[in-house]
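Asker: File name my_file.txt; file contents compact mmCIF, C-alpha atoms; full text below.
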```
# COMPACT_ATOMS: atom_id res chain seq x y z
CA MET Z 902 37.90 -24.17 -7.59
CA ASP Z 903 40.31 -23.40 -10.39
CA SER Z 904 41.40 -19.78 -10.05
CA ILE Z 905 40.80 -18.88 -13.68
CA VAL Z 906 37.31 -20.40 -13.52
CA SER Z 907 36.45 -18.40 -10.41
CA ALA Z 908 37.83 -15.19 -11.91
CA ALA Z 909 35.86 -15.72 -15.10
CA SER Z 910 32.71 -16.52 -13.10
CA VAL Z 911 32.96 -13.35 -11.04
CA ILE Z 912 33.47 -11.20 -14.13
CA ALA Z 913 30.63 -12.98 -15.93
CA ALA Z 914 28.31 -12.42 -12.97
CA ALA Z 915 29.12 -8.72 -12.92
CA ILE Z 916 28.57 -8.40 -16.67
CA ALA Z 917 25.30 -10.34 -16.48
CA VAL Z 918 23.78 -8.06 -13.87
CA GLY Z 919 25.25 -4.89 -15.33
CA PHE Z 920 24.00 -5.38 -18.85
CA ALA Z 921 20.69 -6.80 -17.70
CA GLY Z 922 20.09 -3.52 -15.88
CA ILE Z 923 20.40 -1.28 -18.96
CA GLY Z 924 17.35 -2.24 -21.00
CA PRO Z 925 14.81 -2.44 -18.17
CA GLY Z 926 16.19 0.86 -16.83
CA ILE Z 927 15.41 2.63 -20.08
CA GLY Z 928 12.04 0.89 -20.34
CA GLN Z 929 11.01 1.74 -16.79
CA GLY Z 930 12.02 5.35 -17.32
CA ASN Z 931 9.89 5.53 -20.45
CA ALA Z 932 6.92 3.90 -18.75
CA ALA Z 933 7.10 6.14 -15.69
CA GLY Z 934 7.44 9.25 -17.84
CA GLN Z 935 4.42 8.33 -19.93
CA ALA Z 936 2.43 7.56 -16.79
CA VAL Z 937 3.24 10.97 -15.30
CA GLU Z 938 2.19 12.58 -18.58
CA GLY Z 939 -1.04 10.62 -18.50
CA ILE Z 940 -1.76 11.69 -14.93
CA ALA Z 941 -1.00 15.33 -15.75
CA ARG Z 942 -3.40 15.20 -18.64
CA GLN Z 943 -6.13 13.32 -16.83
CA PRO Z 944 -5.70 13.53 -13.05
CA GLU Z 945 -8.90 11.62 -12.32
CA ALA Z 946 -7.46 8.44 -13.87
CA GLU Z 947 -4.57 8.41 -11.40
CA GLY Z 948 -5.57 5.25 -9.52
CA LYS Z 949 -5.93 3.16 -12.63
CA ILE Z 950 -2.71 4.47 -14.16
CA ARG Z 951 -0.79 3.79 -10.97
CA GLY Z 952 -1.99 0.20 -10.79
CA THR Z 953 -1.10 -0.53 -14.39
CA LEU Z 954 2.24 1.24 -14.02
CA LEU Z 955 3.25 -0.79 -10.96
CA LEU Z 956 2.31 -4.04 -12.67
CA SER Z 957 4.25 -3.24 -15.83
CA LEU Z 958 7.23 -1.97 -13.84
CA ALA Z 959 7.38 -5.29 -12.07
CA PHE Z 960 7.33 -7.08 -15.42
CA MET Z 961 10.29 -5.03 -16.62
CA GLU Z 962 12.03 -5.56 -13.31
CA SER Z 963 11.86 -9.29 -13.86
CA LEU Z 964 14.17 -8.98 -16.88
CA THR Z 965 16.89 -7.65 -14.62
CA ILE Z 966 16.07 -10.42 -12.22
CA TYR Z 967 16.82 -13.01 -14.90
CA GLY Z 968 20.32 -11.54 -15.17
CA LEU Z 969 20.57 -11.65 -11.40
CA VAL Z 970 19.57 -15.32 -11.34
CA VAL Z 971 22.32 -16.09 -13.85
CA ALA Z 972 24.80 -14.15 -11.74
CA LEU Z 973 23.70 -15.89 -8.54
CA SER Z 974 23.99 -19.32 -10.08
CA LEU Z 975 27.49 -18.43 -11.30
CA LEU Z 976 28.52 -17.25 -7.84
CA PHE Z 977 26.85 -19.79 -5.56
CA ALA Z 978 26.07 -22.83 -7.67
CA ASN Z 979 28.71 -22.73 -10.36
CA PRO Z 980 28.29 -25.66 -12.74
CA PHE Z 981 31.91 -25.37 -13.92
CA ALA Z 982 33.48 -25.46 -10.47
CA GLY Z 983 34.14 -29.18 -10.81
CA MET Q 386 28.93 -9.56 14.84
CA PHE Q 387 25.37 -10.10 16.05
CA THR Q 388 23.88 -7.83 13.40
CA PHE Q 389 25.80 -9.64 10.73
CA LEU Q 390 24.40 -12.89 12.06
CA LEU Q 391 20.89 -11.44 11.83
CA SER Q 392 21.33 -10.58 8.20
CA ASN Q 393 23.46 -13.48 7.06
CA ILE Q 394 22.27 -15.27 3.97
CA GLU Q 395 23.11 -18.69 2.68
CA VAL Q 396 22.24 -19.45 -0.91
CA GLY Q 397 22.01 -23.07 -1.84
CA SER Q 398 22.63 -24.71 1.54
CA HIS Q 399 19.75 -26.57 3.09
CA LEU Q 400 18.93 -28.70 6.09
CA TYR Q 401 18.24 -32.02 4.46
CA ILE Q 402 15.86 -34.72 5.60
CA ASN Q 403 16.86 -37.88 3.77
CA PHE Q 404 14.44 -40.60 2.76
CA GLY Q 405 16.40 -43.40 1.17
CA GLU Q 406 18.84 -42.84 -1.65
CA ASN Q 407 17.23 -40.28 -3.90
CA LEU Q 408 14.60 -38.47 -1.87
CA HIS Q 409 15.77 -35.38 0.00
CA LEU Q 410 13.52 -32.81 1.60
CA HIS Q 411 14.51 -29.27 2.50
CA ALA Q 412 13.47 -29.13 6.13
CA GLU Q 413 13.58 -25.36 6.63
CA THR Q 414 11.43 -24.66 3.58
CA LEU Q 415 8.97 -27.35 4.61
CA ILE Q 416 8.66 -26.04 8.16
CA ILE Q 417 8.11 -22.42 7.17
CA SER Q 418 5.67 -23.21 4.37
CA THR Q 419 3.65 -25.51 6.64
CA LEU Q 420 3.54 -22.70 9.17
CA VAL Q 421 2.40 -20.24 6.50
CA ILE Q 422 -0.32 -22.62 5.26
CA PHE Q 423 -1.49 -23.22 8.82
CA LEU Q 424 -1.65 -19.49 9.63
CA ILE Q 425 -3.51 -18.64 6.43
CA SER Q 426 -5.98 -21.49 6.99
CA VAL Q 427 -6.64 -20.36 10.56
CA LEU Q 428 -7.13 -16.77 9.42
CA LEU Q 429 -9.54 -17.77 6.66
CA ILE Q 430 -11.51 -20.28 8.76
CA VAL Q 431 -11.87 -17.90 11.69
CA GLY Q 432 -12.71 -14.98 9.43
CA ALA Q 433 -15.23 -16.83 7.27
CA SER Q 434 -16.92 -18.97 9.91
CA ASN Q 435 -19.23 -16.28 11.22
CA LEU Q 436 -20.39 -14.17 8.30
CA ASN Q 437 -22.67 -11.24 8.97
CA LYS Q 438 -24.51 -8.71 6.87
CA LYS Q 439 -22.75 -6.13 9.03
CA PRO Q 440 -19.11 -7.30 8.70
CA ASN Q 441 -16.66 -7.06 11.55
CA SER Q 442 -13.11 -5.94 10.89
CA LEU Q 443 -11.67 -9.37 10.02
CA GLN Q 444 -14.49 -10.07 7.58
CA ASN Q 445 -13.93 -6.64 6.03
CA PHE Q 446 -10.28 -7.46 5.52
CA LEU Q 447 -11.07 -10.81 3.92
CA GLU Q 448 -13.64 -9.20 1.64
CA VAL Q 449 -11.02 -6.73 0.45
CA ILE Q 450 -8.70 -9.62 -0.45
CA TYR Q 451 -11.55 -11.48 -2.15
CA ASP Q 452 -12.47 -8.43 -4.22
CA LEU Q 453 -8.86 -7.94 -5.26
CA VAL Q 454 -8.37 -11.53 -6.42
CA LYS Q 455 -11.78 -11.58 -8.07
CA SER Q 456 -11.05 -8.42 -10.05
CA VAL Q 457 -7.74 -9.91 -11.21
CA ALA Q 458 -9.47 -13.10 -12.32
CA ILE Q 459 -12.35 -11.31 -14.06
CA THR Q 460 -10.12 -8.95 -16.04
CA GLN Q 461 -7.96 -11.82 -17.30
CA MET Q 462 -10.48 -14.63 -17.79
CA GLY Q 463 -13.75 -12.89 -18.50
CA PRO Q 464 -16.93 -13.03 -16.44
CA SER Q 465 -18.19 -16.42 -17.66
CA TYR Q 466 -15.24 -18.66 -16.77
CA TYR Q 467 -13.49 -16.95 -13.88
CA SER Q 468 -15.43 -18.62 -11.09
CA GLN Q 469 -14.01 -22.10 -11.82
CA PHE Q 470 -10.45 -20.89 -11.41
CA LEU Q 471 -10.92 -18.31 -8.69
CA PRO Q 472 -10.03 -20.75 -5.86
CA PHE Q 473 -6.74 -21.66 -7.56
CA ILE Q 474 -5.78 -18.04 -8.21
CA ALA Q 475 -6.74 -17.00 -4.69
CA THR Q 476 -4.73 -19.88 -3.19
CA LEU Q 477 -1.67 -18.94 -5.24
CA PHE Q 478 -1.98 -15.30 -4.25
CA LEU Q 479 -2.49 -15.94 -0.55
CA PHE Q 480 0.26 -18.55 -0.27
CA ILE Q 481 2.85 -16.46 -2.11
CA LEU Q 482 1.93 -13.34 -0.18
CA GLY Q 483 2.11 -15.20 3.12
CA ALA Q 484 5.37 -16.90 2.20
CA ASN Q 485 7.06 -13.68 1.09
CA TRP Q 486 5.92 -11.77 4.14
CA ALA Q 487 6.90 -14.59 6.46
CA GLY Q 488 10.44 -14.22 5.20
CA ALA Q 489 10.46 -10.44 5.31
CA LEU Q 490 8.67 -9.76 8.60
CA VAL Q 491 9.87 -12.45 10.98
CA PRO Q 492 13.52 -12.37 12.15
CA TRP Q 493 14.05 -16.09 11.55
CA LYS Q 494 17.83 -15.70 11.66
CA ILE Q 495 17.69 -15.71 15.47
CA ILE Q 496 16.85 -19.42 15.38
CA GLU Q 497 19.95 -21.34 14.45
CA ILE Q 498 19.77 -24.64 12.64
CA PRO Q 499 22.73 -26.87 11.77
CA GLU Q 500 22.77 -26.08 8.09
CA GLY Q 501 20.95 -23.57 5.93
CA GLU Q 502 18.68 -21.01 7.54
CA PHE Q 503 15.04 -20.19 8.04
CA ALA Q 504 13.84 -17.78 5.36
CA ALA Q 505 10.90 -17.24 3.06
CA PRO Q 506 9.82 -20.53 1.45
CA THR Q 507 9.87 -18.73 -1.92
CA ASN Q 508 13.59 -18.23 -1.30
CA ASP Q 509 13.99 -21.87 -2.33
CA ILE Q 510 13.76 -22.38 -6.08
CA ASN Q 511 11.92 -25.68 -5.60
CA THR Q 512 8.91 -23.93 -4.07
CA THR Q 513 8.58 -21.48 -6.92
CA ALA Q 514 9.17 -24.21 -9.49
CA CYS Q 515 6.36 -26.21 -7.90
CA LEU Q 516 4.00 -23.24 -8.07
CA ALA Q 517 4.92 -22.58 -11.71
CA ILE Q 518 4.42 -26.21 -12.72
CA LEU Q 519 1.05 -26.24 -10.94
CA THR Q 520 0.08 -23.22 -13.03
CA SER Q 521 1.16 -25.06 -16.17
CA ILE Q 522 -0.87 -28.14 -15.30
CA THR Q 523 -3.86 -25.96 -14.53
CA TYR Q 524 -3.90 -24.21 -17.86
CA PHE Q 525 -3.46 -27.47 -19.74
CA GLY Q 526 -6.33 -28.93 -17.74
CA ALA Q 527 -8.45 -25.84 -18.30
CA GLY Q 528 -7.89 -26.02 -22.04
CA PHE Q 529 -8.83 -29.69 -22.22
CA LYS Q 530 -11.83 -29.27 -19.99
CA ILE Q 531 -13.33 -26.34 -21.86
CA LYS Q 532 -12.20 -26.88 -25.45
CA GLY Q 533 -11.77 -30.65 -25.56
CA ILE Q 534 -9.42 -31.95 -28.22
CA GLY Q 535 -9.78 -28.67 -30.11
CA TYR Q 536 -7.35 -27.29 -27.60
CA PHE Q 537 -4.48 -28.32 -29.87
CA ALA Q 538 -5.70 -25.96 -32.57
CA ARG Q 539 -4.10 -23.26 -30.46
CA TYR Q 540 -0.66 -24.49 -31.49
CA ILE Q 541 -1.12 -23.82 -35.18
CA LYS Q 542 -2.59 -20.37 -34.77
CA PRO Q 543 -2.18 -17.99 -36.51
CA THR Q 544 -0.13 -20.10 -38.96
CA PRO Q 545 1.32 -23.63 -38.71
CA LEU Q 546 4.76 -22.02 -39.11
CA LEU Q 547 4.59 -20.89 -35.51
CA LEU Q 548 4.20 -24.43 -34.16
CA PRO Q 549 7.74 -24.68 -32.69
CA ILE Q 550 7.47 -21.29 -31.03
CA ASN Q 551 4.09 -22.18 -29.57
CA ILE Q 552 5.51 -25.39 -28.15
CA ILE Q 553 8.57 -23.63 -26.73
CA GLU Q 554 6.24 -21.10 -25.12
CA ASP Q 555 4.74 -23.89 -23.00
CA PHE Q 556 8.16 -24.39 -21.43
CA THR Q 557 9.20 -20.76 -21.12
CA LYS Q 558 6.01 -19.74 -19.35
CA PRO Q 559 6.61 -21.77 -16.17
CA LEU Q 560 10.35 -21.03 -16.38
CA SER Q 561 9.84 -17.30 -16.38
CA LEU Q 562 7.18 -17.49 -13.63
CA ASN Q 563 9.62 -19.54 -11.57
CA PHE Q 564 12.64 -17.29 -12.02
CA ARG Q 565 10.69 -14.09 -11.59
CA LEU Q 566 9.39 -14.98 -8.16
CA PHE Q 567 12.58 -16.68 -6.96
CA GLY Q 568 14.86 -13.93 -8.25
CA ASN Q 569 12.84 -11.12 -6.75
CA ILE Q 570 12.74 -12.65 -3.29
CA VAL Q 571 16.42 -13.61 -3.28
CA ALA Q 572 17.34 -10.18 -4.66
CA ASP Q 573 15.49 -8.50 -1.78
CA GLU Q 574 17.21 -10.63 0.82
CA LEU Q 575 20.62 -10.16 -0.80
CA THR Q 576 20.21 -6.39 -0.95
CA VAL Q 577 19.24 -6.23 2.72
CA THR Q 578 22.19 -8.51 3.58
CA VAL Q 579 24.74 -6.45 1.70
CA ILE Q 580 23.49 -3.17 3.14
CA CYS Q 581 23.33 -4.66 6.65
CA SER Q 582 26.93 -5.75 6.39
CA VAL Q 583 27.96 -2.18 5.50
CA VAL Q 584 25.61 -0.13 7.72
CA PRO Q 585 23.78 -2.34 10.19
CA LEU Q 586 21.50 0.35 11.65
CA PHE Q 587 18.52 2.35 10.29
CA ILE Q 588 19.73 2.51 6.68
CA PRO Q 589 18.40 -0.97 5.75
CA VAL Q 590 14.90 -0.18 7.05
CA PRO Q 591 13.63 1.62 3.90
CA ILE Q 592 15.08 -1.20 1.81
CA MET Q 593 13.20 -3.73 3.95
CA ILE Q 594 9.97 -1.77 3.51
CA LEU Q 595 10.61 -1.67 -0.23
CA GLY Q 596 11.11 -5.44 -0.05
CA LEU Q 597 7.74 -5.88 1.67
CA PHE Q 598 6.10 -3.82 -1.06
CA ALA Q 599 7.87 -5.72 -3.82
CA SER Q 600 6.80 -9.04 -2.26
CA THR Q 601 3.17 -7.95 -2.39
CA ILE Q 602 3.51 -6.86 -6.01
CA GLN Q 603 5.18 -10.17 -6.88
CA ALA Q 604 2.34 -12.16 -5.34
CA LEU Q 605 -0.14 -10.06 -7.32
CA ILE Q 606 1.88 -10.53 -10.52
CA PHE Q 607 2.08 -14.28 -10.10
CA ALA Q 608 -1.68 -14.43 -9.66
CA THR Q 609 -2.25 -12.09 -12.61
CA LEU Q 610 0.04 -14.05 -14.90
CA ALA Q 611 -1.43 -17.38 -13.89
CA SER Q 612 -4.92 -16.13 -14.67
CA ALA Q 613 -3.69 -14.53 -17.90
CA TYR Q 614 -2.27 -17.86 -19.06
CA ILE Q 615 -5.49 -19.66 -18.19
CA GLY Q 616 -7.53 -16.94 -19.87
CA GLU Q 617 -5.39 -17.14 -23.01
CA VAL Q 618 -6.11 -20.85 -23.28
CA ILE Q 619 -9.87 -20.76 -22.74
CA GLU Q 620 -10.81 -17.64 -24.67
```
Could I get this structure in the form of structure tokens?
Answerer:
Amino acid sequence: MDSIVSAASVIAAAIAVGFAGIGPGIGQGNAAGQAVEGIARQPEAEGKIRGTLLLSLAFMESLTIYGLVVALSLLFANPFAG
Amino acid sequence: MFTFLLSNIEVGSHLYINFGENLHLHAETLIISTLVIFLISVLLIVGASNLNKKPNSLQNFLEVIYDLVKSVAITQMGPSYYSQFLPFIATLFLFILGANWAGALVPWKIIEIPEGEFAAPTNDINTTACLAILTSITYFGAGFKIKGIGYFARYIKPTPLLLPINIIEDFTKPLSLNFRLFGNIVADELTVTVICSVVPLFIPVPIMILGLFASTIQALIFATLASAYIGEVIE
């Protein structure tokens, strides 16, 4: 592989995962905080809140995963390696 | 070196079975997924063959799974339509759960094969793509079956301006299903690999347990999303 292509790919992979982590991190923090507030206010709804929280956390997690998929394809299956 | 061998990961290399010029099969994915299907079928047949009013432990376990999948289907599709699609949703859920756990629980890395490695079948993007496309076909079929030709009215709702976005959505739905499952499973395996190569003992165990948990959640999410897409079409 061309050295400049590999260097650019590694940097791009790092940036992809790094920036993809920011938004979902903030979102997951918000969601978890709200869920804790909800449980504190209404402790008997804990089971339902936990289920919904886990499901929505996994949805947010998948946004980071998209960045990870891009990074992985840059590292292991680079289309520009030629 | 042995621990590193146990946790080694190979992305994108497969043991190929070649049929002619253009047809290649990934042997390791095929073998593990056949095994998973076989095990699930045996579990279900044995568990459901002798049903009693007073359930034994296996029947109890299966009833818990049935209730879980049924509640997912009912909340997304409504009580009048869910029963037609329950088998599909349950199959998706059980296969993905079994496939993820087969990769996470069994130390396949001990068995060496010439190229590639044994891992979860969902570690291969072709498996998840297949599942996502199946979901797509199912919701198209569901729309046609229940709404007839009026199904296409969905594309110009709420205004005809949204037609391109509605069409694009048909492609992004399976794409995101595909990448979500694939990425989560590969991310788990990569994390365990990286941590194993730094500290091979004890430290990776919580990460592995987290991976097991995440695999379960992913199976549930795939089933939930599939039923949500079907429910969106038929409502």
Asker: Taking all atoms listed in the file into account, find every residue of chain Z that has an atom no more than 7 Å from chain Q, and write it out as number ranges by chain.
Answerer: Z: 956, 963, 966-967, 969-970, 977
Asker: Within 9 Å of range 927-934 of chain Z, counting only C-alpha atoms, which residues qualify if same-chain residues fewer than 3 places away don't, as a ChimeraX atom specification?
Answerer: /Z:922-924,937-939,954,957-958,961-962
Asker: Could you tell me which of Q:Met593, Q:Ile510, Q:Ile615, Q:Ile552 comes closest to Asp573 in chain Q if we count all atoms listed in the file?
Answerer: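 Nearest candidate to Asp573 in chain Q out of Q:Met593, Q:Ile510, Q:Ile615, Q:Ile552: Q:Met593.
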Asker: Do a neighbour search on range 419-421 of chain Q at 10 Å with only C-alpha atoms, toss out local chain neighbours closer than 6 positions, and write the hits as an mmCIF file with C-alpha atoms, in the coordinates of the input.
Answerer:
```
data_model
loop_
_atom_site.group_PDB
_atom_site.id
_atom_site.type_symbol
_atom_site.label_atom_id
_atom_site.label_comp_id
_atom_site.auth_asym_id
_atom_site.auth_seq_id
_atom_site.Cartn_x
_atom_site.Cartn_y
_atom_site.Cartn_z
ATOM 1 C CA GLU Q 413 13.580 -25.360 6.630
ATOM 2 C CA VAL Q 427 -6.640 -20.360 10.560
ATOM 3 C CA LEU Q 479 -2.490 -15.940 -0.550
ATOM 4 C CA PHE Q 480 0.260 -18.550 -0.270
ATOM 5 C CA ILE Q 481 2.850 -16.460 -2.110
ATOM 6 C CA LEU Q 482 1.930 -13.340 -0.180
ATOM 7 C CA GLY Q 483 2.110 -15.200 3.120
ATOM 8 C CA ALA Q 484 5.370 -16.900 2.200
ATOM 9 C CA ASN Q 485 7.060 -13.680 1.090
ATOM 10 C CA TRP Q 486 5.920 -11.770 4.140
ATOM 11 C CA ALA Q 487 6.900 -14.590 6.460
ATOM 12 C CA ALA Q 505 10.900 -17.240 3.060
ATOM 13 C CA PRO Q 506 9.820 -20.530 1.450
#
```
Asker: Which of these, Q:Ile588, Q:Pro472, Q:Leu400, Q:Ser426, has the shortest distance to Glu497 in chain Q once you count only C-alpha atoms?
Answerer: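 Using only C-alpha atoms, Glu497 in chain Q sits closest to Q:Leu400.
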Asker: In file coordinates, which residues lie within 8 Å of (30.0, -19.6, -11.6) using only C-alpha atoms, given as a list in words?
Answerer: Val906, Ser907, Ala909, Ser910, Val911, Ala913, Ala914, Ala972, Leu973, Ser974, Leu975, Leu976, Phe977, Ala978, Asn979, Pro980, Phe981 and Ala982 of chain Z
Asker: Residues at most 9 Å from Ser521 in chain Q, counting all atoms listed in the file, excluding those fewer than 4 positions away in the same chain, as a count of residues only?
Answerer: 11
Asker: Tell me, as a list in words, which residues lie within 8 Å of range 461-469 of chain Q, counting all atoms listed in the file; anything in the same chain fewer than 6 positions away does not count.
Answerer: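 Once the adjacent positions are removed, what remains is Thr609, Ser612, Ala613, Ile615, Gly616, Glu617, Ile619 and Glu620 of chain Q.
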Asker: Can you tell me which residues surround Pro589 in chain Q at a distance of at most 12 Å, considering only C-alpha atoms, apart from same-chain residues fewer than 2 positions away, and format the answer as an MDAnalysis selection string?
Answerer: chainID Q and resid 388 392 573:587 591:596
Asker: Rounded to one decimal in Å, what is the spacing between CA of Ala917 in chain Z and CA of Gly968 in chain Z?
Answerer: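 Separating CA of Ala917 in chain Z from CA of Gly968 in chain Z is a distance of 5.3 Å.
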Asker: Quick check, in Å to one decimal: how far apart do CA of Thr953 in chain Z and CA of Ala489 in chain Q lie?
Answerer: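 Separation between CA of Thr953 in chain Z and CA of Ala489 in chain Q: 24.9 Å.
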Asker: In Å, with one decimal, what is the gap from CA of Ile416 in chain Q to CA of Ala504 in chain Q?
Answerer: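 Separation of CA of Ile416 in chain Q and CA of Ala504 in chain Q: 10.1 Å.
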Asker: List as a PyMOL selection string: which residues have an atom within 6 Å of (18.1, -22.5, 6.1), counting only C-alpha atoms?
Answerer: chain Q and resi 399+413+501-503
Asker: Could range 936-947 of chain Z be completed with N, CA and C atoms and returned as a compact mmCIF listing (two decimals), in the coordinates of the input?
Answerer:
```txt
# COMPACT_ATOMS: atom_id res chain seq x y z
N ALA Z 936 3.49 7.61 -17.81
CA ALA Z 936 2.43 7.56 -16.79
C ALA Z 936 2.23 8.93 -16.17
N VAL Z 937 3.36 9.63 -15.87
CA VAL Z 937 3.24 10.97 -15.30
C VAL Z 937 2.52 11.90 -16.28
N GLU Z 938 2.87 11.76 -17.56
CA GLU Z 938 2.19 12.58 -18.58
C GLU Z 938 0.70 12.31 -18.58
N GLY Z 939 0.37 11.00 -18.51
CA GLY Z 939 -1.04 10.62 -18.50
C GLY Z 939 -1.77 11.20 -17.30
N ILE Z 940 -1.11 11.16 -16.13
CA ILE Z 940 -1.76 11.69 -14.93
C ILE Z 940 -1.93 13.20 -15.04
N ALA Z 941 -0.90 13.87 -15.61
CA ALA Z 941 -1.00 15.33 -15.75
C ALA Z 941 -2.14 15.70 -16.68
N ARG Z 942 -2.36 14.88 -17.68
CA ARG Z 942 -3.40 15.20 -18.64
C ARG Z 942 -4.78 14.86 -18.08
N GLN Z 943 -4.83 13.83 -17.28
CA GLN Z 943 -6.13 13.32 -16.83
C GLN Z 943 -6.02 12.89 -15.37
N PRO Z 944 -6.00 13.86 -14.46
CA PRO Z 944 -5.70 13.53 -13.05
C PRO Z 944 -6.70 12.58 -12.42
N GLU Z 945 -7.91 12.49 -12.96
CA GLU Z 945 -8.90 11.62 -12.32
C GLU Z 945 -8.63 10.15 -12.59
N ALA Z 946 -7.76 9.84 -13.56
CA ALA Z 946 -7.46 8.44 -13.87
C ALA Z 946 -6.24 7.95 -13.10
N GLU Z 947 -5.84 8.70 -12.05
CA GLU Z 947 -4.57 8.41 -11.40
C GLU Z 947 -4.51 7.00 -10.82
```
